[in-house]
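Content type mmCIF, C-alpha atoms and all ligand atoms, from the file entry01.cif:
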```cif
data_my_file
#
loop_
_atom_site.group_PDB
_atom_site.id
_atom_site.type_symbol
_atom_site.label_atom_id
_atom_site.label_comp_id
_atom_site.auth_asym_id
_atom_site.auth_seq_id
_atom_site.Cartn_x
_atom_site.Cartn_y
_atom_site.Cartn_z
ATOM 1 C CA MET A 1 13.207 -0.429 -50.609
ATOM 2 C CA THR A 2 12.939 0.076 -54.281
ATOM 3 C CA THR A 3 14.603 -0.721 -57.577
ATOM 4 C CA LEU A 4 17.757 1.216 -58.401
ATOM 5 C CA LEU A 5 18.240 2.391 -61.981
ATOM 6 C CA LEU A 6 21.847 3.024 -62.958
ATOM 7 C CA SER A 7 22.982 4.669 -66.157
ATOM 8 C CA HIS A 8 25.375 7.364 -67.387
ATOM 9 C CA PRO A 9 25.292 9.849 -70.306
ATOM 10 C CA LEU A 10 28.705 8.591 -71.465
ATOM 11 C CA CYS A 11 27.123 5.222 -72.289
ATOM 12 C CA ALA A 12 25.277 6.930 -75.155
ATOM 13 C CA LYS A 13 28.534 8.419 -76.434
ATOM 14 C CA HIS A 14 30.034 5.095 -77.448
ATOM 15 C CA ARG A 15 29.432 5.273 -81.209
ATOM 16 C CA PRO A 16 30.131 2.420 -83.589
ATOM 17 C CA PRO A 17 30.012 3.429 -87.283
ATOM 18 C CA GLU A 18 26.725 4.537 -88.843
ATOM 19 C CA GLY A 19 24.379 1.631 -89.473
ATOM 20 C CA HIS A 20 25.736 -0.539 -86.623
ATOM 21 C CA PRO A 21 22.834 -2.114 -84.696
ATOM 22 C CA GLU A 22 24.375 -1.450 -81.249
ATOM 23 C CA ARG A 23 23.778 2.286 -81.498
ATOM 24 C CA PRO A 24 23.291 5.193 -79.068
ATOM 25 C CA ASP A 25 19.564 5.417 -79.876
ATOM 26 C CA ARG A 26 19.094 2.167 -77.962
ATOM 27 C CA LEU A 27 19.919 3.872 -74.718
ATOM 28 C CA LYS A 28 18.084 7.054 -75.593
ATOM 29 C CA ILE A 29 14.808 5.181 -76.047
ATOM 30 C CA VAL A 30 15.368 3.203 -72.847
ATOM 31 C CA ASP A 31 16.007 6.479 -71.018
ATOM 32 C CA ARG A 32 12.846 7.971 -72.433
ATOM 33 C CA ILE A 33 10.598 5.046 -71.509
ATOM 34 C CA LEU A 34 12.015 4.854 -67.963
ATOM 35 C CA SER A 35 11.313 8.570 -67.490
ATOM 36 C CA ALA A 36 7.556 7.938 -67.816
ATOM 37 C CA PRO A 37 5.206 8.139 -64.779
ATOM 38 C CA PRO A 38 5.051 4.365 -64.066
ATOM 39 C CA PHE A 39 8.735 4.541 -63.157
ATOM 40 C CA GLU A 40 8.561 7.394 -60.641
ATOM 41 C CA ALA A 41 9.288 4.968 -57.818
ATOM 42 C CA LEU A 42 12.723 4.080 -59.199
ATOM 43 C CA ALA A 43 15.765 5.314 -57.336
ATOM 44 C CA ARG A 44 18.155 6.767 -59.903
ATOM 45 C CA GLU A 45 21.915 7.189 -59.858
ATOM 46 C CA GLU A 46 24.592 8.003 -62.368
ATOM 47 C CA ALA A 47 26.934 5.083 -62.669
ATOM 48 C CA PRO A 48 30.425 5.643 -61.284
ATOM 49 C CA ALA A 49 33.410 4.563 -63.369
ATOM 50 C CA ALA A 50 34.732 1.153 -62.409
ATOM 51 C CA SER A 51 38.311 0.909 -61.198
ATOM 52 C CA ALA A 52 40.968 -1.007 -63.094
ATOM 53 C CA GLU A 53 41.129 -3.431 -60.178
ATOM 54 C CA GLN A 54 37.400 -4.168 -60.452
ATOM 55 C CA ILE A 55 37.700 -4.864 -64.192
ATOM 56 C CA MET A 56 40.732 -7.079 -63.679
ATOM 57 C CA ARG A 57 38.861 -9.427 -61.357
ATOM 58 C CA ALA A 58 37.179 -10.760 -64.518
ATOM 59 C CA HIS A 59 39.700 -9.805 -67.198
ATOM 60 C CA ALA A 60 43.397 -10.233 -67.838
ATOM 61 C CA GLU A 61 45.464 -7.133 -67.129
ATOM 62 C CA GLU A 62 46.591 -7.035 -70.787
ATOM 63 C CA HIS A 63 42.958 -6.959 -71.927
ATOM 64 C CA TYR A 64 42.153 -4.021 -69.665
ATOM 65 C CA HIS A 65 45.150 -2.040 -70.905
ATOM 66 C CA ARG A 66 44.443 -2.908 -74.521
ATOM 67 C CA ILE A 67 40.909 -1.511 -74.282
ATOM 68 C CA GLU A 68 42.168 1.513 -72.338
ATOM 69 C CA GLN A 69 44.582 2.317 -75.149
ATOM 70 C CA ALA A 70 42.360 1.387 -78.094
ATOM 71 C CA SER A 71 39.905 4.322 -77.907
ATOM 72 C CA PRO A 72 40.939 6.470 -80.896
ATOM 73 C CA GLU A 73 41.471 10.247 -80.690
ATOM 74 C CA GLU A 74 38.944 10.525 -83.507
ATOM 75 C CA GLY A 75 37.129 8.216 -85.884
ATOM 76 C CA PHE A 76 36.964 4.503 -85.132
ATOM 77 C CA GLU A 77 39.131 1.641 -83.994
ATOM 78 C CA GLN A 78 37.942 -1.798 -85.121
ATOM 79 C CA LEU A 79 38.660 -4.629 -82.676
ATOM 80 C CA ASP A 80 36.935 -7.456 -84.565
ATOM 81 C CA PRO A 81 34.427 -7.700 -87.437
ATOM 82 C CA ASP A 82 31.574 -6.472 -85.174
ATOM 83 C CA THR A 83 33.281 -4.553 -82.398
ATOM 84 C CA TRP A 84 34.322 -0.924 -82.689
ATOM 85 C CA MET A 85 35.564 1.831 -80.433
ATOM 86 C CA SER A 86 35.071 5.582 -80.790
ATOM 87 C CA PRO A 87 36.732 8.319 -78.687
ATOM 88 C CA ASP A 88 34.336 7.870 -75.738
ATOM 89 C CA SER A 89 34.077 4.072 -75.846
ATOM 90 C CA PHE A 90 36.540 3.299 -73.068
ATOM 91 C CA GLU A 91 34.847 5.755 -70.705
ATOM 92 C CA ALA A 92 31.442 4.320 -71.659
ATOM 93 C CA ALA A 93 32.628 0.788 -70.938
ATOM 94 C CA MET A 94 34.061 1.905 -67.586
ATOM 95 C CA ARG A 95 30.641 3.348 -66.648
ATOM 96 C CA GLY A 96 28.917 0.155 -67.753
ATOM 97 C CA ALA A 97 31.187 -1.913 -65.533
ATOM 98 C CA GLY A 98 30.900 0.712 -62.786
ATOM 99 C CA ALA A 99 27.113 0.442 -62.925
ATOM 100 C CA ALA A 100 27.437 -3.307 -62.406
ATOM 101 C CA VAL A 101 29.691 -2.799 -59.388
ATOM 102 C CA ARG A 102 27.493 -0.094 -57.854
ATOM 103 C CA ALA A 103 24.377 -2.234 -58.416
ATOM 104 C CA VAL A 104 26.005 -5.072 -56.480
ATOM 105 C CA ASP A 105 26.948 -2.675 -53.675
ATOM 106 C CA ALA A 106 23.390 -1.342 -53.485
ATOM 107 C CA VAL A 107 21.686 -4.732 -53.279
ATOM 108 C CA MET A 108 24.282 -6.266 -50.957
ATOM 109 C CA LEU A 109 24.093 -3.279 -48.583
ATOM 110 C CA ARG A 110 20.255 -3.387 -48.765
ATOM 111 C CA GLU A 111 20.060 0.146 -50.145
ATOM 112 C CA ALA A 112 17.943 -1.281 -52.950
ATOM 113 C CA GLU A 113 16.038 -4.510 -53.320
ATOM 114 C CA ASN A 114 17.216 -4.971 -56.888
ATOM 115 C CA ALA A 115 18.809 -2.926 -59.662
ATOM 116 C CA PHE A 116 18.706 -2.437 -63.420
ATOM 117 C CA CYS A 117 21.729 -1.119 -65.308
ATOM 118 C CA ALA A 118 20.777 0.679 -68.527
ATOM 119 C CA VAL A 119 24.232 0.702 -70.046
ATOM 120 C CA ARG A 120 26.133 0.090 -73.245
ATOM 121 C CA PRO A 121 28.298 -1.303 -74.686
ATOM 122 C CA PRO A 122 26.879 -4.667 -73.610
ATOM 123 C CA GLY A 123 29.127 -7.248 -71.966
ATOM 124 C CA HIS A 124 28.317 -10.943 -72.245
ATOM 125 C CA HIS A 125 30.479 -11.731 -75.293
ATOM 126 C CA ALA A 126 33.625 -10.196 -73.768
ATOM 127 C CA GLU A 127 36.009 -12.954 -72.681
ATOM 128 C CA SER A 128 38.765 -12.626 -70.106
ATOM 129 C CA ARG A 129 41.263 -11.690 -72.831
ATOM 130 C CA ARG A 130 39.135 -10.678 -75.781
ATOM 131 C CA ALA A 131 36.587 -8.038 -76.817
ATOM 132 C CA MET A 132 34.020 -9.358 -79.275
ATOM 133 C CA GLY A 133 30.395 -9.164 -80.380
ATOM 134 C CA PHE A 134 29.956 -5.427 -79.539
ATOM 135 C CA CYS A 135 31.303 -6.095 -75.993
ATOM 136 C CA LEU A 136 34.448 -4.664 -74.374
ATOM 137 C CA PHE A 137 34.200 -5.625 -70.685
ATOM 138 C CA ASN A 138 31.961 -8.351 -69.269
ATOM 139 C CA ASN A 139 29.721 -6.375 -66.937
ATOM 140 C CA ALA A 140 27.877 -9.385 -65.503
ATOM 141 C CA ALA A 141 31.113 -11.231 -64.725
ATOM 142 C CA ILE A 142 32.604 -8.091 -63.173
ATOM 143 C CA ALA A 143 29.498 -7.807 -60.978
ATOM 144 C CA ALA A 144 29.796 -11.458 -59.931
ATOM 145 C CA HIS A 145 33.462 -11.178 -59.004
ATOM 146 C CA HIS A 146 32.837 -7.940 -57.120
ATOM 147 C CA ALA A 147 30.062 -9.552 -55.066
ATOM 148 C CA ARG A 148 32.293 -12.446 -54.176
ATOM 149 C CA GLN A 149 35.390 -10.419 -53.438
ATOM 150 C CA VAL A 150 33.836 -7.682 -51.331
ATOM 151 C CA TYR A 151 30.774 -9.281 -49.719
ATOM 152 C CA ASP A 152 29.836 -12.444 -47.980
ATOM 153 C CA ALA A 153 28.403 -13.872 -51.203
ATOM 154 C CA ASP A 154 29.997 -17.204 -51.978
ATOM 155 C CA ARG A 155 27.744 -18.362 -54.800
ATOM 156 C CA ILE A 156 26.813 -16.083 -57.664
ATOM 157 C CA ALA A 157 24.509 -16.945 -60.568
ATOM 158 C CA VAL A 158 24.206 -15.249 -63.941
ATOM 159 C CA VAL A 159 21.126 -16.136 -65.986
ATOM 160 C CA ASP A 160 21.202 -14.868 -69.575
ATOM 161 C CA PHE A 161 18.143 -14.723 -71.844
ATOM 162 C CA ASP A 162 19.747 -12.718 -74.649
ATOM 163 C CA VAL A 163 19.185 -14.396 -78.044
ATOM 164 C CA HIS A 164 22.954 -14.884 -78.314
ATOM 165 C CA HIS A 165 24.980 -17.193 -76.106
ATOM 166 C CA GLY A 166 27.129 -15.336 -73.573
ATOM 167 C CA ASN A 167 30.384 -17.032 -74.524
ATOM 168 C CA GLY A 168 32.364 -14.495 -72.502
ATOM 169 C CA THR A 169 30.556 -15.140 -69.243
ATOM 170 C CA GLN A 170 30.783 -18.875 -69.848
ATOM 171 C CA GLU A 171 34.541 -18.635 -70.486
ATOM 172 C CA ILE A 172 35.186 -16.510 -67.394
ATOM 173 C CA PHE A 173 33.085 -18.819 -65.174
ATOM 174 C CA TRP A 174 34.159 -22.096 -66.816
ATOM 175 C CA SER A 175 36.272 -23.703 -64.100
ATOM 176 C CA ASP A 176 34.839 -21.995 -61.001
ATOM 177 C CA ALA A 177 32.175 -24.090 -59.276
ATOM 178 C CA SER A 178 31.037 -21.154 -57.123
ATOM 179 C CA LEU A 179 29.900 -19.246 -60.219
ATOM 180 C CA PHE A 180 26.808 -20.399 -62.157
ATOM 181 C CA TYR A 181 25.988 -19.543 -65.740
ATOM 182 C CA GLY A 182 22.613 -20.480 -67.247
ATOM 183 C CA SER A 183 21.626 -19.383 -70.744
ATOM 184 C CA THR A 184 18.745 -19.685 -73.176
ATOM 185 C CA HIS A 185 19.744 -18.634 -76.679
ATOM 186 C CA GLN A 186 19.165 -19.370 -80.331
ATOM 187 C CA MET A 187 21.486 -21.980 -81.802
ATOM 188 C CA PRO A 188 22.997 -22.063 -84.341
ATOM 189 C CA LEU A 189 23.690 -18.341 -84.166
ATOM 190 C CA TYR A 190 26.588 -16.040 -83.289
ATOM 191 C CA PRO A 191 28.929 -16.706 -81.484
ATOM 192 C CA GLY A 192 28.533 -20.456 -82.092
ATOM 193 C CA THR A 193 29.021 -21.611 -78.488
ATOM 194 C CA GLY A 194 26.287 -22.671 -76.056
ATOM 195 C CA ALA A 195 25.697 -26.374 -76.678
ATOM 196 C CA ARG A 196 24.145 -28.406 -73.871
ATOM 197 C CA THR A 197 27.361 -30.404 -73.699
ATOM 198 C CA GLU A 198 29.339 -27.319 -72.600
ATOM 199 C CA THR A 199 29.025 -27.760 -68.841
ATOM 200 C CA GLY A 200 32.229 -26.366 -67.280
ATOM 201 C CA VAL A 201 32.710 -27.993 -63.891
ATOM 202 C CA GLY A 202 28.998 -28.717 -63.622
ATOM 203 C CA ASN A 203 28.295 -24.978 -63.241
ATOM 204 C CA ILE A 204 27.283 -24.127 -66.836
ATOM 205 C CA PHE A 205 23.718 -24.812 -68.033
ATOM 206 C CA ASN A 206 23.002 -24.086 -71.683
ATOM 207 C CA ALA A 207 19.520 -24.421 -73.153
ATOM 208 C CA PRO A 208 19.838 -23.773 -76.898
ATOM 209 C CA LEU A 209 16.651 -23.050 -78.853
ATOM 210 C CA SER A 210 16.022 -23.517 -82.572
ATOM 211 C CA ALA A 211 15.242 -20.609 -84.860
ATOM 212 C CA GLY A 212 11.511 -19.989 -84.726
ATOM 213 C CA ALA A 213 11.115 -21.129 -81.114
ATOM 214 C CA GLY A 214 8.749 -18.980 -79.079
ATOM 215 C CA SER A 215 7.110 -18.707 -75.646
ATOM 216 C CA VAL A 216 6.399 -22.397 -75.191
ATOM 217 C CA GLN A 217 9.921 -23.604 -75.947
ATOM 218 C CA PHE A 218 11.541 -20.740 -74.025
ATOM 219 C CA ARG A 219 9.461 -21.271 -70.898
ATOM 220 C CA ASP A 220 9.968 -25.013 -71.113
ATOM 221 C CA ALA A 221 13.760 -24.560 -71.347
ATOM 222 C CA MET A 222 13.684 -22.244 -68.345
ATOM 223 C CA LYS A 223 11.432 -24.524 -66.288
ATOM 224 C CA THR A 224 13.111 -27.818 -67.081
ATOM 225 C CA ARG A 225 16.769 -26.851 -67.310
ATOM 226 C CA ILE A 226 17.763 -23.393 -66.069
ATOM 227 C CA LEU A 227 15.481 -22.819 -63.061
ATOM 228 C CA PRO A 228 15.926 -26.270 -61.444
ATOM 229 C CA ALA A 229 19.703 -25.947 -61.804
ATOM 230 C CA LEU A 230 19.527 -22.461 -60.312
ATOM 231 C CA ASP A 231 17.546 -23.820 -57.363
ATOM 232 C CA ASP A 232 20.084 -26.585 -56.799
ATOM 233 C CA PHE A 233 22.885 -24.021 -56.923
ATOM 234 C CA ALA A 234 21.157 -21.804 -54.320
ATOM 235 C CA PRO A 235 22.777 -18.480 -55.232
ATOM 236 C CA ASP A 236 23.519 -15.621 -52.832
ATOM 237 C CA LEU A 237 22.925 -13.160 -55.677
ATOM 238 C CA VAL A 238 21.138 -13.484 -59.033
ATOM 239 C CA ILE A 239 22.519 -11.444 -61.932
ATOM 240 C CA ILE A 240 20.431 -11.254 -65.103
ATOM 241 C CA SER A 241 22.084 -10.737 -68.479
ATOM 242 C CA ALA A 242 18.989 -9.055 -69.806
ATOM 243 C CA GLY A 243 19.183 -9.036 -73.579
ATOM 244 C CA PHE A 244 15.927 -8.389 -75.372
ATOM 245 C CA ASP A 245 16.965 -9.529 -78.851
ATOM 246 C CA ALA A 246 15.036 -12.797 -78.493
ATOM 247 C CA HIS A 247 11.969 -10.601 -79.131
ATOM 248 C CA ARG A 248 10.083 -11.567 -82.278
ATOM 249 C CA SER A 249 10.686 -8.109 -83.801
ATOM 250 C CA ASP A 250 14.443 -8.174 -83.361
ATOM 251 C CA PRO A 251 16.479 -8.018 -86.581
ATOM 252 C CA LEU A 252 19.457 -10.009 -85.232
ATOM 253 C CA GLY A 253 17.697 -13.133 -83.984
ATOM 254 C CA SER A 254 14.939 -15.498 -85.057
ATOM 255 C CA LEU A 255 13.266 -16.371 -81.774
ATOM 256 C CA GLU A 256 9.641 -15.390 -81.308
ATOM 257 C CA LEU A 257 9.447 -14.088 -77.759
ATOM 258 C CA ALA A 258 7.168 -11.269 -76.676
ATOM 259 C CA GLU A 259 7.324 -8.811 -73.788
ATOM 260 C CA GLU A 260 5.246 -11.167 -71.615
ATOM 261 C CA ASP A 261 7.953 -13.798 -71.844
ATOM 262 C CA PHE A 262 10.505 -11.391 -70.415
ATOM 263 C CA VAL A 263 8.113 -10.567 -67.559
ATOM 264 C CA TRP A 264 7.577 -14.270 -66.939
ATOM 265 C CA ALA A 265 11.313 -15.001 -66.835
ATOM 266 C CA THR A 266 12.009 -11.969 -64.644
ATOM 267 C CA LEU A 267 9.370 -13.042 -62.112
ATOM 268 C CA TYR A 268 10.706 -16.590 -61.931
ATOM 269 C CA LEU A 269 14.266 -15.343 -61.456
ATOM 270 C CA MET A 270 13.076 -12.962 -58.736
ATOM 271 C CA ASP A 271 11.232 -15.839 -57.099
ATOM 272 C CA ALA A 272 14.461 -17.869 -57.042
ATOM 273 C CA ALA A 273 16.286 -14.839 -55.654
ATOM 274 C CA HIS A 274 13.688 -14.508 -52.889
ATOM 275 C CA ARG A 275 14.054 -18.136 -51.914
ATOM 276 C CA HIS A 276 17.860 -18.191 -51.894
ATOM 277 C CA ALA A 277 19.293 -14.683 -51.983
ATOM 278 C CA ASP A 278 17.034 -12.456 -49.914
ATOM 279 C CA GLY A 279 15.596 -11.071 -53.159
ATOM 280 C CA ARG A 280 18.886 -9.711 -54.450
ATOM 281 C CA VAL A 281 18.797 -9.267 -58.238
ATOM 282 C CA VAL A 282 21.104 -7.196 -60.449
ATOM 283 C CA SER A 283 19.994 -6.916 -64.071
ATOM 284 C CA MET A 284 22.380 -5.801 -66.802
ATOM 285 C CA LEU A 285 21.173 -4.642 -70.206
ATOM 286 C CA GLU A 286 22.744 -6.725 -72.964
ATOM 287 C CA GLY A 287 21.260 -6.826 -76.519
ATOM 288 C CA GLY A 288 17.989 -5.722 -78.125
ATOM 289 C CA TYR A 289 18.136 -4.005 -81.504
ATOM 290 C CA ASP A 290 14.578 -3.181 -82.526
ATOM 291 C CA LEU A 291 14.070 0.119 -80.730
ATOM 292 C CA LYS A 292 10.332 -0.252 -80.167
ATOM 293 C CA ALA A 293 10.600 -3.840 -78.928
ATOM 294 C CA LEU A 294 13.596 -2.917 -76.773
ATOM 295 C CA ALA A 295 11.746 -0.048 -75.090
ATOM 296 C CA ALA A 296 8.618 -2.122 -74.478
ATOM 297 C CA SER A 297 10.633 -5.063 -73.158
ATOM 298 C CA VAL A 298 12.784 -2.963 -70.825
ATOM 299 C CA ALA A 299 9.619 -1.297 -69.535
ATOM 300 C CA VAL A 300 7.934 -4.549 -68.523
ATOM 301 C CA HIS A 301 11.188 -6.015 -67.172
ATOM 302 C CA VAL A 302 11.770 -3.004 -64.909
ATOM 303 C CA GLN A 303 8.100 -2.971 -63.886
ATOM 304 C CA ALA A 304 8.510 -6.578 -62.785
ATOM 305 C CA LEU A 305 11.613 -5.639 -60.778
ATOM 306 C CA LEU A 306 9.644 -2.806 -59.163
ATOM 307 C CA ARG A 307 6.756 -5.132 -58.300
ATOM 308 C CA GLY A 308 9.157 -7.274 -56.330
ATOM 309 C CA SER A 309 10.800 -4.426 -54.489
ATOM 310 C CA GLY A 310 7.830 -3.262 -52.444
ATOM 311 C CA ASP A 311 6.806 -4.555 -49.047
ATOM 312 C CA GLY A 312 5.059 -7.603 -50.401
ATOM 313 C CA GLY A 313 8.150 -9.770 -50.800
ATOM 314 C CA ALA A 314 8.291 -12.159 -53.720
ATOM 315 C CA PRO A 315 6.028 -11.193 -56.598
ATOM 316 C CA GLN A 316 3.300 -13.575 -57.560
ATOM 317 C CA LEU A 317 4.302 -15.893 -60.364
ATOM 318 C CA GLU A 318 2.312 -15.819 -63.538
ATOM 319 C CA ASP A 319 0.714 -18.961 -64.895
ATOM 320 C CA ASP A 320 1.955 -20.536 -68.055
ATOM 321 C CA VAL A 321 0.454 -19.494 -71.340
HETATM 322 ZN ZN ZN A 401 22.387 -10.528 -78.237
#
```
Starting from the coordinates I provided, produce the structure as structure tokens.
Ligand SMILES: [Zn+2]
Amino acid sequence: MTTLLLSHPLCAKHRPPEGHPERPDRLKIVDRILSAPPFEALAREEAPAASAEQIMRAHAEEHYHRIEQASPEEGFEQLDPDTWMSPDSFEAAMRGAGAAVRAVDAVMLREAENAFCAVRPPGHHAESRRAMGFCLFNNAAIAAHHARQVYDADRIAVVDFDVHHGNGTQEIFWSDASLFYGSTHQMPLYPGTGARTETGVGNIFNAPLSAGAGSVQFRDAMKTRILPALDDFAPDLVIISAGFDAHRSDPLGSLELAEEDFVWATLYLMDAAHRHADGRVVSMLEGGYDLKALAASVAVHVQALLRGSGDGGAPQLEDDV
């Protein structure tokens, strides 16, 4: 088995106004780096469009219809100070959510060991009834609900290392003890949520980091708070909200992570997945706004996924720095 890469050309056609950081070039550079020889072993599929029913497992019906109707004929529609739609945005968002659903199908049916969804717009800020923070539909939450609804997966975990807190995933999971949300993020920073005291029904684990925090603080937060809680939860599927804007080069955050930290986190999450979930990991692209850092980070993240999808079982964990 291998790693499945899901994407769709429509995801690059969602175009916020010129100068917006969440721009089509993000996906173009990810596409380019994943076309290089080290990634020949990836299985590749175009993402299908999600169905309305699949979206509405995580979102209110009114929210789905609002987004469906908000794509303008031309120009832009502004949904909040940061969140815009262009003519192809709804179709792009449906492919992003569809990638999440197809990735779950592939890992649950053992067609792939794990999967990476190179999609945009991102998802983790989208709440059940609200688009915000560049996000229209919450791809990770849609994946989690799909896994639970369709497969024998009772306990689903989302771990989010984007520099921003995934307020949307937290809100959607808040009162459901069979869904786990663990997040490292910079705080204070947009969207303002993510304190340690926000714990849902004992299923939410936030590990906020101060501006300037780097490898040591990030790995410590993972090892002391997120990973032990994940082990206790014993998920049937691990979903990663893989944002790479905690990279030290990113213009939107002030954490100091490097590519190696993303590899480290990926390997530990895969290790947890091997111990509890038969290795099943679905990774969704979230943020990452410095194109060079994004490409390098996605490359090492997907290489780590590939390392764990061969015959060798769980990849070897790397020592601390
Ligand atoms: Zn982010």
Which chains and residue numbers are within 9 Å of ligand ZN 401 (chain A), counting all atoms listed in the file, if I want them as a compact mmCIF listing (two decimals) with C-alpha atoms, in the frame of the given file?
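Output saved as part33.txt:
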```txt
# COMPACT_ATOMS: atom_id res chain seq x y z
CA PRO A 122 26.88 -4.67 -73.61
CA HIS A 124 28.32 -10.94 -72.24
CA HIS A 125 30.48 -11.73 -75.29
CA GLY A 133 30.40 -9.16 -80.38
CA PHE A 161 18.14 -14.72 -71.84
CA ASP A 162 19.75 -12.72 -74.65
CA VAL A 163 19.18 -14.40 -78.04
CA HIS A 164 22.95 -14.88 -78.31
CA HIS A 165 24.98 -17.19 -76.11
CA GLY A 166 27.13 -15.34 -73.57
CA HIS A 185 19.74 -18.63 -76.68
CA TYR A 190 26.59 -16.04 -83.29
CA GLY A 243 19.18 -9.04 -73.58
CA PHE A 244 15.93 -8.39 -75.37
CA ASP A 245 16.96 -9.53 -78.85
CA ALA A 246 15.04 -12.80 -78.49
CA LEU A 252 19.46 -10.01 -85.23
CA GLY A 253 17.70 -13.13 -83.98
CA GLU A 286 22.74 -6.72 -72.96
CA GLY A 287 21.26 -6.83 -76.52
CA GLY A 288 17.99 -5.72 -78.12
CA TYR A 289 18.14 -4.00 -81.50
```
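With all atoms listed in the file as the atoms that count, the residue of A:Thr199, A:Thr3, A:Thr184, A:Ser89 with the shortest distance to Ala304 in chain A is A:Thr3.
Taking CA of Cys135 in chain A and CA of Glu45 in chain A as endpoints, the distance between them is 22.9 Å.
Using only C-alpha atoms, the contacts of Ala272 in chain A at a cut-off of 8 Å, with sequence neighbours closer than 5 positions omitted, comprise Leu227, Leu230, Asp231, Ala277 and Gly279 of chain A.
The smallest atom-to-atom distance between Asp82 in chain A and any of A:His20, A:Arg129, A:Arg275, A:His14, using all atoms listed in the file, is found for A:His20.
Residue nearest Asp105 in chain A within the list A:Thr193, A:Ser297, A:Ser7, A:Gln149: A:Gln149 [criterion: smallest interatomic distance, all atoms listed in the file].
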Within 12 Å of (39.2, -25.1, -64.7) in the file's own coordinates, which protein, DNA or RNA residues have an atom, counting only C-alpha atoms? List them as a PyMOL selection string. chain A and resi 170-179+199-203
